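Novice: Okay, so here is target26.tsv, and as you'll see once you scroll down, it has TSV, C-alpha atoms.
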```
chain	number	residue	atom	x	y	z
O	1249	MET	CA	-30.01	-21.09	36.17
O	1250	TRP	CA	-28.32	-17.70	35.78
O	1251	PHE	CA	-25.15	-19.07	37.30
O	1252	SER	CA	-25.12	-21.98	34.83
O	1253	LEU	CA	-25.65	-19.57	31.95
O	1254	PHE	CA	-22.81	-17.39	33.21
O	1255	ILE	CA	-20.47	-20.37	33.48
O	1256	SER	CA	-21.40	-21.51	29.98
O	1257	LEU	CA	-20.74	-18.07	28.52
O	1258	LEU	CA	-17.47	-17.85	30.42
O	1259	LEU	CA	-16.34	-21.21	29.03
O	1260	VAL	CA	-17.20	-20.08	25.49
O	1261	VAL	CA	-15.21	-16.86	25.95
O	1262	LEU	CA	-12.26	-18.78	27.38
O	1263	LEU	CA	-12.39	-21.19	24.45
O	1264	PHE	CA	-12.29	-18.37	21.89
O	1265	VAL	CA	-9.55	-16.51	23.74
O	1266	GLY	CA	-7.63	-19.73	24.28
O	1267	VAL	CA	-7.53	-20.54	20.56
O	1268	ASP	CA	-6.21	-17.03	19.77
O	1269	ALA	CA	-3.64	-17.24	22.57
O	1270	TRP	CA	-2.40	-20.63	21.42
O	1271	ILE	CA	-1.92	-19.41	17.84
O	1272	HIS	CA	0.04	-16.33	18.98
O	1273	PHE	CA	2.14	-18.35	21.41
O	1274	ASN	CA	2.95	-20.97	18.80
O	1275	THR	CA	4.04	-18.28	16.32
O	1276	TRP	CA	6.25	-16.64	18.95
O	1277	GLN	CA	7.96	-19.81	20.16
O	1278	SER	CA	8.52	-21.14	16.64
O	1279	ARG	CA	10.73	-18.14	15.84
O	1280	ILE	CA	13.13	-18.70	18.70
O	1281	LYS	CA	16.60	-19.50	17.24
O	1282	ILE	CA	15.32	-18.93	13.72
O	1283	GLY	CA	17.85	-19.30	10.91
O	1284	ARG	CA	20.53	-21.12	12.93
O	1285	TYR	CA	21.82	-23.84	10.63
O	1286	ALA	CA	25.37	-25.14	10.66
O	1287	SER	CA	25.43	-26.03	6.96
O	1288	ASN	CA	23.33	-26.32	3.81
O	1289	GLU	CA	23.14	-30.07	4.43
O	1290	ASP	CA	21.60	-29.49	7.85
O	1291	TRP	CA	19.21	-26.94	6.37
O	1292	TYR	CA	18.26	-29.32	3.56
O	1293	PHE	CA	17.55	-32.13	6.03
O	1294	GLN	CA	15.17	-29.95	8.08
O	1295	LEU	CA	13.48	-28.46	4.99
O	1296	LYS	CA	12.88	-31.93	3.60
O	1297	LYS	CA	11.62	-33.29	6.90
O	1298	CYS	CA	9.15	-30.42	7.34
O	1299	SER	CA	8.01	-30.67	3.70
O	1300	ARG	CA	7.26	-34.39	4.06
O	1301	ARG	CA	5.22	-33.74	7.16
O	1302	TRP	CA	3.29	-30.94	5.48
O	1303	LEU	CA	2.63	-32.88	2.28
O	1304	VAL	CA	0.75	-35.52	4.27
O	1305	LYS	CA	-0.96	-32.94	6.49
O	1306	THR	CA	-0.77	-29.52	4.86
O	1307	PRO	CA	-1.16	-26.52	7.21
O	1308	VAL	CA	-4.27	-24.46	6.58
O	1309	ILE	CA	-3.67	-21.09	4.95
O	1310	LYS	CA	-6.18	-18.58	6.27
O	1311	LEU	CA	-8.61	-16.73	4.05
O	1312	THR	CA	-8.40	-13.59	6.17
O	1313	ASP	CA	-5.74	-11.68	8.11
O	1314	ASN	CA	-7.94	-11.75	11.18
O	1315	SER	CA	-5.95	-12.77	14.27
O	1316	ARG	CA	-8.74	-12.40	16.83
O	1317	LEU	CA	-11.69	-14.70	17.41
O	1318	VAL	CA	-10.18	-17.08	14.87
O	1319	LEU	CA	-12.46	-19.86	16.10
O	1320	TRP	CA	-15.44	-17.77	14.96
O	1321	ASP	CA	-14.00	-17.68	11.43
O	1322	MET	CA	-13.62	-21.44	11.56
O	1323	LEU	CA	-17.20	-21.97	12.67
O	1324	ARG	CA	-18.54	-19.66	9.94
O	1325	GLY	CA	-16.52	-21.45	7.24
O	1326	ASN	CA	-14.48	-18.29	6.63
O	1327	TYR	CA	-11.12	-19.78	7.62
O	1328	LYS	CA	-9.95	-21.88	4.68
O	1329	ARG	CA	-10.68	-22.75	1.05
O	1330	ASP	CA	-9.64	-25.84	-0.91
O	1331	ALA	CA	-8.35	-23.82	-3.87
O	1332	ILE	CA	-5.76	-22.12	-1.67
O	1333	GLN	CA	-4.64	-25.48	-0.30
O	1334	HIS	CA	-4.12	-26.97	-3.78
O	1335	TRP	CA	-1.24	-24.68	-4.70
O	1336	GLN	CA	0.35	-25.31	-1.31
O	1337	GLU	CA	0.25	-29.05	-1.96
O	1338	ALA	CA	1.50	-28.64	-5.52
O	1339	SER	CA	4.59	-26.74	-4.44
O	1340	LEU	CA	5.40	-29.26	-1.72
O	1341	LEU	CA	5.08	-32.08	-4.24
O	1342	LEU	CA	7.34	-30.25	-6.71
O	1343	GLY	CA	9.97	-29.73	-4.01
O	1344	LEU	CA	9.84	-33.29	-2.69
O	1345	SER	CA	9.91	-34.72	-6.22
O	1346	GLN	CA	13.12	-32.78	-6.86
O	1347	SER	CA	14.45	-33.99	-3.51
O	1348	TYR	CA	13.61	-37.64	-4.27
O	1349	ARG	CA	15.41	-37.47	-7.61
O	1350	TYR	CA	18.46	-36.21	-5.70
O	1351	ASP	CA	18.76	-38.68	-2.83
O	1352	ASN	CA	16.11	-41.44	-3.28
O	1353	ASP	CA	15.12	-41.09	0.36
O	1354	PRO	CA	12.59	-43.87	1.17
O	1355	LYS	CA	10.78	-41.61	3.66
O	1356	THR	CA	10.24	-39.05	0.90
O	1357	ARG	CA	8.93	-41.77	-1.39
O	1358	GLU	CA	6.54	-42.93	1.33
O	1359	ALA	CA	5.19	-39.40	1.87
O	1360	ILE	CA	4.67	-38.82	-1.86
O	1361	GLU	CA	2.94	-42.17	-2.35
O	1362	LYS	CA	0.67	-41.54	0.62
O	1363	PHE	CA	-0.25	-38.11	-0.73
O	1364	ILE	CA	-1.06	-39.45	-4.20
O	1365	SER	CA	-3.12	-42.35	-2.83
O	1366	ASN	CA	-5.17	-39.85	-0.81
O	1367	LYS	CA	-5.79	-37.67	-3.89
O	1368	ILE	CA	-6.16	-40.10	-6.78
O	1369	SER	CA	-8.55	-43.05	-7.10
O	1370	GLU	CA	-7.73	-46.45	-8.58
O	1371	GLN	CA	-9.42	-45.23	-11.77
O	1372	GLY	CA	-6.91	-42.39	-12.06
O	1373	THR	CA	-9.35	-39.58	-11.20
O	1374	PHE	CA	-9.31	-37.07	-8.36
O	1375	TYR	CA	-11.35	-38.18	-5.36
O	1376	SER	CA	-12.43	-34.55	-4.99
O	1377	PRO	CA	-12.53	-32.96	-8.45
O	1378	ILE	CA	-10.63	-29.70	-8.77
O	1379	LYS	CA	-13.08	-26.95	-9.70
O	1380	GLU	CA	-10.92	-23.83	-9.89
O	1381	SER	CA	-7.81	-22.84	-11.82
O	1382	ASP	CA	-5.78	-22.60	-8.61
O	1383	GLY	CA	-5.69	-26.39	-8.50
O	1384	VAL	CA	-4.33	-26.95	-12.00
O	1385	ILE	CA	-0.77	-26.47	-10.75
O	1386	LEU	CA	-1.29	-29.65	-8.73
O	1387	GLY	CA	-1.75	-31.46	-12.03
O	1388	TYR	CA	1.59	-30.06	-13.19
O	1389	ALA	CA	3.26	-31.25	-9.99
O	1390	LEU	CA	1.86	-34.75	-10.58
O	1391	LEU	CA	3.14	-34.70	-14.17
O	1392	GLN	CA	6.58	-33.78	-12.83
O	1393	CYS	CA	6.61	-36.43	-10.09
O	1394	PRO	CA	9.08	-39.30	-10.76
O	1395	LEU	CA	6.77	-41.74	-8.96
O	1396	VAL	CA	3.85	-41.06	-11.31
O	1397	LYS	CA	3.20	-42.85	-14.57
O	1398	PRO	CA	1.32	-40.16	-16.54
O	1399	GLU	CA	-0.86	-42.65	-18.44
O	1400	LYS	CA	-2.27	-44.04	-15.19
O	1401	LEU	CA	-3.39	-40.56	-14.15
O	1402	ARG	CA	-4.61	-39.54	-17.61
O	1403	PRO	CA	-8.26	-39.28	-16.45
O	1404	ALA	CA	-7.25	-36.78	-13.73
O	1405	PHE	CA	-5.24	-34.72	-16.19
O	1406	ASP	CA	-8.12	-34.80	-18.67
O	1407	GLN	CA	-10.40	-33.46	-15.92
O	1408	LEU	CA	-8.08	-30.47	-15.51
O	1409	TRP	CA	-7.96	-29.88	-19.27
O	1410	GLU	CA	-11.77	-29.83	-19.35
O	1411	LEU	CA	-11.81	-27.37	-16.42
O	1412	ILE	CA	-9.41	-25.05	-18.21
O	1413	GLN	CA	-11.45	-25.16	-21.42
O	1414	SER	CA	-14.57	-24.19	-19.47
O	1415	LEU	CA	-12.77	-21.02	-18.32
O	1416	VAL	CA	-11.74	-19.80	-21.77
O	1417	GLY	CA	-13.29	-16.44	-22.59
O	1418	PRO	CA	-14.18	-14.74	-25.90
O	1419	ASP	CA	-10.59	-13.47	-26.23
O	1420	GLY	CA	-9.31	-17.05	-26.33
O	1421	THR	CA	-7.52	-16.89	-22.97
O	1422	VAL	CA	-8.33	-18.42	-19.58
O	1423	SER	CA	-9.99	-16.55	-16.71
O	1424	TYR	CA	-8.99	-17.09	-13.10
O	1425	LYS	CA	-12.53	-17.91	-11.97
O	1426	SER	CA	-15.83	-18.51	-13.75
O	1427	HIS	CA	-17.07	-15.10	-12.53
O	1428	THR	CA	-13.96	-13.10	-13.53
O	1429	HIS	CA	-14.15	-13.29	-17.33
O	1430	ASP	CA	-13.57	-9.53	-17.55
O	1431	PHE	CA	-10.08	-9.87	-16.04
O	1432	ARG	CA	-6.91	-11.88	-16.59
O	1433	PHE	CA	-4.82	-12.51	-13.48
O	1434	VAL	CA	-1.07	-13.04	-13.35
O	1435	ASP	CA	-1.69	-15.92	-10.90
O	1436	THR	CA	-3.30	-17.89	-13.71
O	1437	VAL	CA	-0.07	-17.84	-15.73
O	1438	GLY	CA	1.64	-19.82	-12.99
O	1439	PHE	CA	-1.36	-22.02	-12.25
O	1440	ILE	CA	-2.05	-23.30	-15.76
O	1441	CYS	CA	0.65	-22.60	-18.36
O	1442	PRO	CA	3.27	-25.20	-17.34
O	1443	PHE	CA	0.51	-27.81	-17.01
O	1444	LEU	CA	-0.97	-27.01	-20.42
O	1445	ILE	CA	2.34	-27.33	-22.22
O	1446	ASP	CA	3.54	-30.41	-20.33
O	1447	TYR	CA	0.16	-32.14	-20.63
O	1448	GLY	CA	-0.16	-31.19	-24.29
O	1449	GLN	CA	3.23	-32.62	-25.17
O	1450	LYS	CA	2.96	-35.81	-23.11
O	1451	PHE	CA	-0.49	-36.66	-24.50
O	1452	HIS	CA	-0.18	-35.00	-27.94
O	1453	VAL	CA	-2.90	-32.41	-27.33
O	1454	GLN	CA	-1.80	-29.55	-29.56
O	1455	ALA	CA	-4.71	-27.35	-28.47
O	1456	ALA	CA	-3.40	-27.41	-24.89
O	1457	ILE	CA	0.10	-26.35	-25.97
O	1458	ASP	CA	-1.34	-23.56	-28.10
O	1459	LEU	CA	-3.52	-22.32	-25.24
O	1460	GLY	CA	-0.59	-22.30	-22.78
O	1461	ILE	CA	1.53	-20.22	-25.14
O	1462	ARG	CA	-1.41	-17.92	-25.98
O	1463	GLN	CA	-2.03	-17.28	-22.26
O	1464	LEU	CA	1.62	-16.42	-21.70
O	1465	ALA	CA	1.78	-14.24	-24.79
O	1466	ALA	CA	-1.38	-12.30	-23.91
O	1467	TYR	CA	-0.19	-11.63	-20.38
O	1468	THR	CA	3.24	-10.61	-21.59
O	1469	GLN	CA	1.66	-8.15	-24.02
O	1470	PHE	CA	-1.08	-6.67	-21.85
O	1471	GLY	CA	-0.32	-7.58	-18.23
O	1472	LEU	CA	3.25	-6.30	-18.05
O	1473	LYS	CA	4.37	-2.70	-17.71
O	1474	HIS	CA	6.50	-2.03	-20.75
O	1475	PRO	CA	9.33	-1.40	-21.36
O	1476	GLU	CA	10.20	-2.29	-17.75
O	1477	PHE	CA	8.67	-5.79	-18.08
O	1478	ILE	CA	7.07	-5.66	-14.60
O	1479	PRO	CA	3.84	-7.68	-14.12
O	1480	CYS	CA	0.63	-6.07	-12.95
O	1481	HIS	CA	-1.82	-8.07	-10.86
O	1482	THR	CA	-4.45	-8.19	-13.60
O	1483	TYR	CA	-5.72	-6.52	-16.75
O	1484	LEU	CA	-9.15	-5.98	-18.33
O	1485	THR	CA	-9.96	-8.17	-21.32
O	1486	ASP	CA	-11.89	-5.51	-23.25
O	1487	SER	CA	-9.73	-2.38	-22.86
O	1488	LYS	CA	-6.49	-4.25	-22.01
O	1489	MET	CA	-5.97	-1.72	-19.23
O	1490	PRO	CA	-3.92	-2.86	-16.20
O	1491	VAL	CA	-5.80	-3.12	-12.92
O	1492	GLY	CA	-4.28	-3.54	-9.48
O	1493	LEU	CA	-0.77	-3.38	-8.16
O	1494	VAL	CA	2.19	-3.23	-10.52
O	1495	GLY	CA	5.20	-4.96	-8.96
O	1496	TRP	CA	3.35	-7.17	-6.49
O	1497	GLY	CA	6.07	-9.59	-5.42
O	1498	ARG	CA	4.22	-12.88	-5.61
O	1499	GLY	CA	2.72	-11.72	-8.90
O	1500	LEU	CA	6.28	-11.63	-10.24
O	1501	GLY	CA	6.65	-15.12	-8.80
O	1502	TRP	CA	3.56	-16.43	-10.60
O	1503	TYR	CA	4.78	-15.03	-13.90
O	1504	ALA	CA	8.29	-16.41	-13.25
O	1505	ILE	CA	7.00	-19.94	-12.61
O	1506	GLY	CA	4.65	-19.85	-15.57
O	1507	LEU	CA	7.41	-18.60	-17.88
O	1508	ILE	CA	10.42	-20.70	-16.89
O	1509	ASP	CA	8.58	-23.98	-16.33
O	1510	SER	CA	6.69	-23.53	-19.60
O	1511	TYR	CA	9.91	-22.73	-21.42
O	1512	GLU	CA	11.58	-25.88	-20.12
O	1513	ALA	CA	8.54	-28.04	-20.86
O	1514	LEU	CA	8.24	-26.78	-24.44
O	1515	ASP	CA	9.94	-28.89	-27.09
O	1516	ALA	CA	13.13	-27.35	-28.45
O	1517	SER	CA	11.78	-27.53	-31.99
O	1518	HIS	CA	8.65	-25.51	-31.24
O	1519	PRO	CA	8.57	-22.26	-33.27
O	1520	GLU	CA	7.77	-20.18	-30.15
O	1521	LYS	CA	10.64	-21.57	-28.05
O	1522	GLN	CA	13.00	-18.73	-28.99
O	1523	LEU	CA	10.38	-16.07	-28.18
O	1524	LEU	CA	9.80	-17.52	-24.71
O	1525	GLY	CA	13.57	-17.54	-24.26
O	1526	GLU	CA	13.71	-13.81	-25.01
O	1527	TRP	CA	11.04	-13.17	-22.38
O	1528	VAL	CA	13.05	-15.23	-19.88
O	1529	LYS	CA	16.09	-13.01	-20.43
O	1530	GLN	CA	14.07	-9.80	-20.14
O	1531	PHE	CA	12.35	-10.94	-16.97
O	1532	ALA	CA	15.62	-12.01	-15.34
O	1533	GLU	CA	17.20	-8.62	-16.04
O	1534	MET	CA	14.15	-6.84	-14.64
O	1535	ALA	CA	13.90	-8.96	-11.47
O	1536	ILE	CA	17.56	-8.71	-10.55
O	1537	GLN	CA	17.30	-4.90	-10.32
O	1538	PHE	CA	15.00	-5.15	-7.33
O	1539	GLN	CA	16.87	-7.69	-5.20
O	1540	ARG	CA	17.72	-6.21	-1.82
O	1541	LYS	CA	21.09	-6.18	-0.06
O	1542	ASN	CA	19.92	-8.95	2.26
O	1543	GLY	CA	19.11	-11.16	-0.75
O	1544	SER	CA	15.31	-10.89	-0.55
O	1545	TRP	CA	12.64	-9.24	-2.67
O	1546	GLY	CA	9.88	-7.13	-1.10
O	1547	TRP	CA	6.17	-7.81	-1.38
O	1548	ILE	CA	6.13	-4.69	-3.57
O	1549	VAL	CA	9.41	-5.13	-5.38
O	1550	MET	CA	10.02	-1.46	-6.28
O	1551	HIS	CA	9.15	-0.11	-2.81
O	1552	PRO	CA	12.19	-0.08	-0.48
O	1553	GLY	CA	9.92	0.17	2.55
O	1554	ALA	CA	7.80	-2.86	1.67
O	1555	ARG	CA	8.39	-5.87	3.87
O	1556	SER	CA	10.57	-8.70	2.54
O	1557	ASP	CA	8.50	-11.62	1.31
O	1558	SER	CA	9.83	-15.18	1.41
O	1559	SER	CA	7.35	-16.42	-1.22
O	1560	THR	CA	8.53	-13.81	-3.72
O	1561	THR	CA	12.15	-14.60	-2.93
O	1562	ALA	CA	11.64	-18.36	-3.24
O	1563	THR	CA	9.96	-18.19	-6.65
O	1564	LEU	CA	12.34	-15.63	-8.13
O	1565	VAL	CA	15.44	-17.49	-6.97
O	1566	TRP	CA	14.00	-20.68	-8.52
O	1567	PHE	CA	13.65	-18.77	-11.78
O	1568	LEU	CA	17.23	-17.48	-11.60
O	1569	THR	CA	18.70	-20.90	-10.82
O	1570	ARG	CA	17.05	-22.34	-13.93
O	1571	VAL	CA	18.25	-19.42	-16.06
O	1572	ASN	CA	21.76	-20.03	-14.75
O	1573	HIS	CA	21.62	-23.77	-15.42
O	1574	LEU	CA	20.35	-23.19	-18.92
O	1575	ALA	CA	23.07	-20.54	-19.48
O	1576	MET	CA	20.46	-18.29	-21.09
O	1577	ALA	CA	21.65	-14.89	-19.89
O	1578	GLY	CA	24.13	-13.39	-17.42
O	1579	ASP	CA	25.63	-15.16	-14.42
O	1580	TYR	CA	23.26	-14.84	-11.46
O	1581	THR	CA	25.29	-16.99	-9.04
O	1582	ASN	CA	25.89	-14.19	-6.54
O	1583	ALA	CA	22.20	-13.17	-6.53
O	1584	ILE	CA	21.18	-16.81	-6.02
O	1585	GLN	CA	23.56	-17.29	-3.11
O	1586	ARG	CA	22.35	-14.12	-1.40
O	1587	ALA	CA	18.70	-15.11	-1.88
O	1588	MET	CA	19.31	-18.58	-0.46
O	1589	GLY	CA	21.19	-17.03	2.46
O	1590	TYR	CA	18.17	-14.87	3.21
O	1591	LEU	CA	15.77	-17.84	3.01
O	1592	GLN	CA	17.96	-19.86	5.35
O	1593	SER	CA	17.98	-16.95	7.82
O	1594	VAL	CA	14.15	-17.01	8.01
O	1595	THR	CA	13.80	-20.78	8.37
O	1596	GLN	CA	12.51	-21.87	11.76
O	1597	ARG	CA	14.40	-24.52	13.73
O	1598	ASN	CA	11.83	-27.16	12.63
O	1599	GLY	CA	12.57	-26.47	8.95
O	1600	ALA	CA	9.56	-24.24	8.18
O	1601	VAL	CA	10.37	-21.18	6.06
O	1602	ASP	CA	8.78	-18.12	7.68
O	1603	PHE	CA	7.64	-14.62	6.70
O	1604	SER	CA	5.68	-15.24	3.50
O	1605	GLN	CA	2.83	-12.91	2.60
O	1606	GLY	CA	-0.63	-14.37	3.20
O	1607	ASP	CA	-3.29	-15.00	0.57
O	1608	THR	CA	-4.50	-12.02	-1.48
O	1609	LYS	CA	-8.12	-11.07	-0.72
O	1610	ALA	CA	-9.05	-9.21	-3.93
O	1611	VAL	CA	-7.58	-6.95	-6.59
O	1612	GLY	CA	-5.70	-4.28	-4.66
O	1613	VAL	CA	-6.32	-5.97	-1.31
O	1614	HIS	CA	-3.11	-7.71	-0.29
O	1615	SER	CA	-2.43	-9.52	2.95
O	1616	GLN	CA	-0.26	-7.87	5.59
O	1617	GLU	CA	0.28	-11.10	7.48
O	1618	PHE	CA	3.68	-12.73	7.00
O	1619	SER	CA	4.02	-16.25	8.26
O	1620	ILE	CA	4.57	-19.81	7.03
O	1621	LEU	CA	3.33	-20.77	3.57
O	1622	PRO	CA	3.79	-24.34	2.28
O	1623	PHE	CA	3.97	-22.90	-1.24
O	1624	THR	CA	7.19	-21.14	-0.26
O	1625	GLN	CA	8.49	-24.25	1.46
O	1626	GLY	CA	8.25	-26.32	-1.71
O	1627	PHE	CA	10.04	-23.79	-3.87
O	1628	VAL	CA	12.86	-23.31	-1.38
O	1629	LEU	CA	13.39	-27.09	-1.29
O	1630	ARG	CA	13.13	-27.30	-5.08
O	1631	THR	CA	15.75	-24.57	-5.50
O	1632	LEU	CA	18.14	-25.83	-2.83
O	1633	VAL	CA	18.24	-29.30	-4.40
O	1634	ASN	CA	18.77	-27.71	-7.78
O	1635	GLU	CA	21.87	-25.97	-6.40
O	1636	MET	CA	23.32	-28.96	-4.53
```
Let's see the structure in the file written out as structure tokens.
Specialist:
Amino acid sequence: MWFSLFISLLLVVLLFVGVDAWIHFNTWQSRIKIGRYASNEDWYFQLKKCSRRWLVKTPVIKLTDNSRLVLWDMLRGNYKRDAIQHWQEASLLLGLSQSYRYDNDPKTREAIEKFISNKISEQGTFYSPIKESDGVILGYALLQCPLVKPEKLRPAFDQLWELIQSLVGPDGTVSYKSHTHDFRFVDTVGFICPFLIDYGQKFHVQAAIDLGIRQLAAYTQFGLKHPEFIPCHTYLTDSKMPVGLVGWGRGLGWYAIGLIDSYEALDASHPEKQLLGEWVKQFAEMAIQFQRKNGSWGWIVMHPGARSDSSTTATLVWFLTRVNHLAMAGDYTNAIQRAMGYLQSVTQRNGAVDFSQGDTKAVGVHSQEFSILPFTQGFVLRTLVNEM
């Protein structure tokens, strides 16, 4: 009896240790020969191939930085959360949509169609309704997909519009979660603003357009450090005081996505178009100051000792490529080339872009794990195609 119990306990221990060992080994071996690509075409092929694979089966992004007894986190349900996965999927879909427009690859079309069929019912609704603002960016990615007829998915988009309206607080702007009405997060700018404006214009919902612009305007006024124009993680709705880290890299990325994609979605005749354009120019001039010699941006952009973050670099270089294409400000070609050179140097041999900061745990509690992040993958692909 005691021997059987001992063997059982030993097997459990070996199982837990084995899972941890496999994860560490896989991370180590995946970085062998990292960044060795003969050309941008070769890099593009591997990025696209990895992105297609991940769109159909998206890697899980951990809730915690814990690297020991990971199986225990899985068993307790403390390993993943759907809301985190939604913005990974959205970015992959944005990148692959851009890729499909470029080369009409039938394998890319197949992956996109499979993804959509797994998400959207015949009635045009989500099989699993999105319940948090993190997932709204997936609606934007669907609106941007060349294989989607927006009218067919109107019920799904309406679901997201209803979700956003349920999160509007007394100040007329949208909270990140239902329990965070006292704060406004920079993440939310990227999650909802491009969707609101694109949805509002495609379906003639003026209230959605107005809300998207109001969210951007409020964050620009209260959530940025002026006159430097550097985003803070969040601000309080009553006092308008900033809370959390100023200059968090991915926070800059969220603001960048929300601003440039909203600007491009907004009709040229809209009275606020010029104002958004001014913010685009100011943000570009701010961001370029903090680019490092190796082409990257750090996870704290002003701190020279902060580790380089691929997710920050991917989103900011996307922003700069669009500014360049729109000829809105200075010429950022050199900065773009250096950023893309950095991102290529941290791409694993299987096409996965490495060294992105993990998910943020709370205000002021930022991950110190740097690994793969499908969100980064999608924006690198999106940007590379944009430059080809």
Novice: Measuring atom to atom with all atoms listed in the file, identify which of O:Lys1529, O:His1427, O:Arg1586, O:Arg1498 is nearest to O:Ser1559.
Specialist: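 The answer is O:Arg1498, which sits nearest to O:Ser1559.
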Novice: Pick out the residues sitting within 6 Å of stretch 1294-1304 of chain O, and hand them over as a list in words; count only C-alpha atoms, and ignore anything fewer than 3 positions along from it in its own chain.
Specialist: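 Here the qualifying residues turn out to be Trp1291, Ala1359, Phe1363 and Gly1599 of chain O.
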Novice: For O:Gln1605, which residue out of O:Ile1309, O:Ile1368, O:Ala1513, O:Ile1385 is the nearest one, using all atoms listed in the file?
Specialist: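 Of O:Ile1309, O:Ile1368, O:Ala1513, O:Ile1385, the one nearest O:Gln1605 is O:Ile1309, counting all atoms listed in the file.
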Novice: If you count all atoms listed in the file, which residues fall within 12 Å of stretch 1578-1582 of chain O, apart from same-chain ones fewer than 5 positions away, as an MDAnalysis selection string?
Specialist: chainID O and resid 1528:1530 1532:1533 1535:1537 1539 1541:1543 1564:1573 1587:1589 1635
Novice: Next, the residues of the selection above should be written as a compact mmCIF listing (two decimals), in the frame of the given file with C-alpha atoms.
Specialist:
```
# COMPACT_ATOMS: atom_id res chain seq x y z
CA VAL O 1528 13.05 -15.23 -19.88
CA LYS O 1529 16.09 -13.01 -20.43
CA GLN O 1530 14.07 -9.80 -20.14
CA ALA O 1532 15.62 -12.01 -15.34
CA GLU O 1533 17.20 -8.62 -16.04
CA ALA O 1535 13.90 -8.96 -11.47
CA ILE O 1536 17.56 -8.71 -10.55
CA GLN O 1537 17.30 -4.90 -10.32
CA GLN O 1539 16.87 -7.69 -5.20
CA LYS O 1541 21.09 -6.18 -0.06
CA ASN O 1542 19.92 -8.95 2.26
CA GLY O 1543 19.11 -11.16 -0.75
CA LEU O 1564 12.34 -15.63 -8.13
CA VAL O 1565 15.44 -17.49 -6.97
CA TRP O 1566 14.00 -20.68 -8.52
CA PHE O 1567 13.65 -18.77 -11.78
CA LEU O 1568 17.23 -17.48 -11.60
CA THR O 1569 18.70 -20.90 -10.82
CA ARG O 1570 17.05 -22.34 -13.93
CA VAL O 1571 18.25 -19.42 -16.06
CA ASN O 1572 21.76 -20.03 -14.75
CA HIS O 1573 21.62 -23.77 -15.42
CA ALA O 1587 18.70 -15.11 -1.88
CA MET O 1588 19.31 -18.58 -0.46
CA GLY O 1589 21.19 -17.03 2.46
CA GLU O 1635 21.87 -25.97 -6.40
```
Novice: Identify which of the residues O:Trp1527, O:Phe1405, O:Phe1293, O:Phe1603 lies closest to O:Trp1545, counting all atoms listed in the file when measuring atom-to-atom distances.
Specialist: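 For O:Trp1545, the nearest of the candidates is O:Phe1603.
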Novice: Between atom CA of O:Lys1379 and atom CA of O:Gln1336, what is the distance in Å, rounded to a tenth?
Specialist: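 A separation of 15.9 Å between them.
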Novice: Of the candidates O:Glu1358, O:Glu1337, O:Asp1602, O:Glu1399, which one gets nearest to O:Ala1562 if we count all atoms listed in the file?
Specialist: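 Ranked by minimum distance to O:Ala1562, first place goes to O:Asp1602.
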Novice: State, in Å with one decimal place, the distance from atom CA of O:Thr1356 to atom CA of O:Gln1625.
Specialist: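 Interatomic distance, atom CA of O:Thr1356 to atom CA of O:Gln1625: 14.9 Å.
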Novice: Mind pulling up the distance from atom CA of O:Lys1521 to atom CA of O:Lys1488?
Specialist: 25.1 Å
Novice: Tell me which of O:Ile1280, O:Val1549, O:Ile1360, O:Leu1395 sits closest to O:Lys1305, counting all atoms listed in the file.
Specialist: O:Ile1360
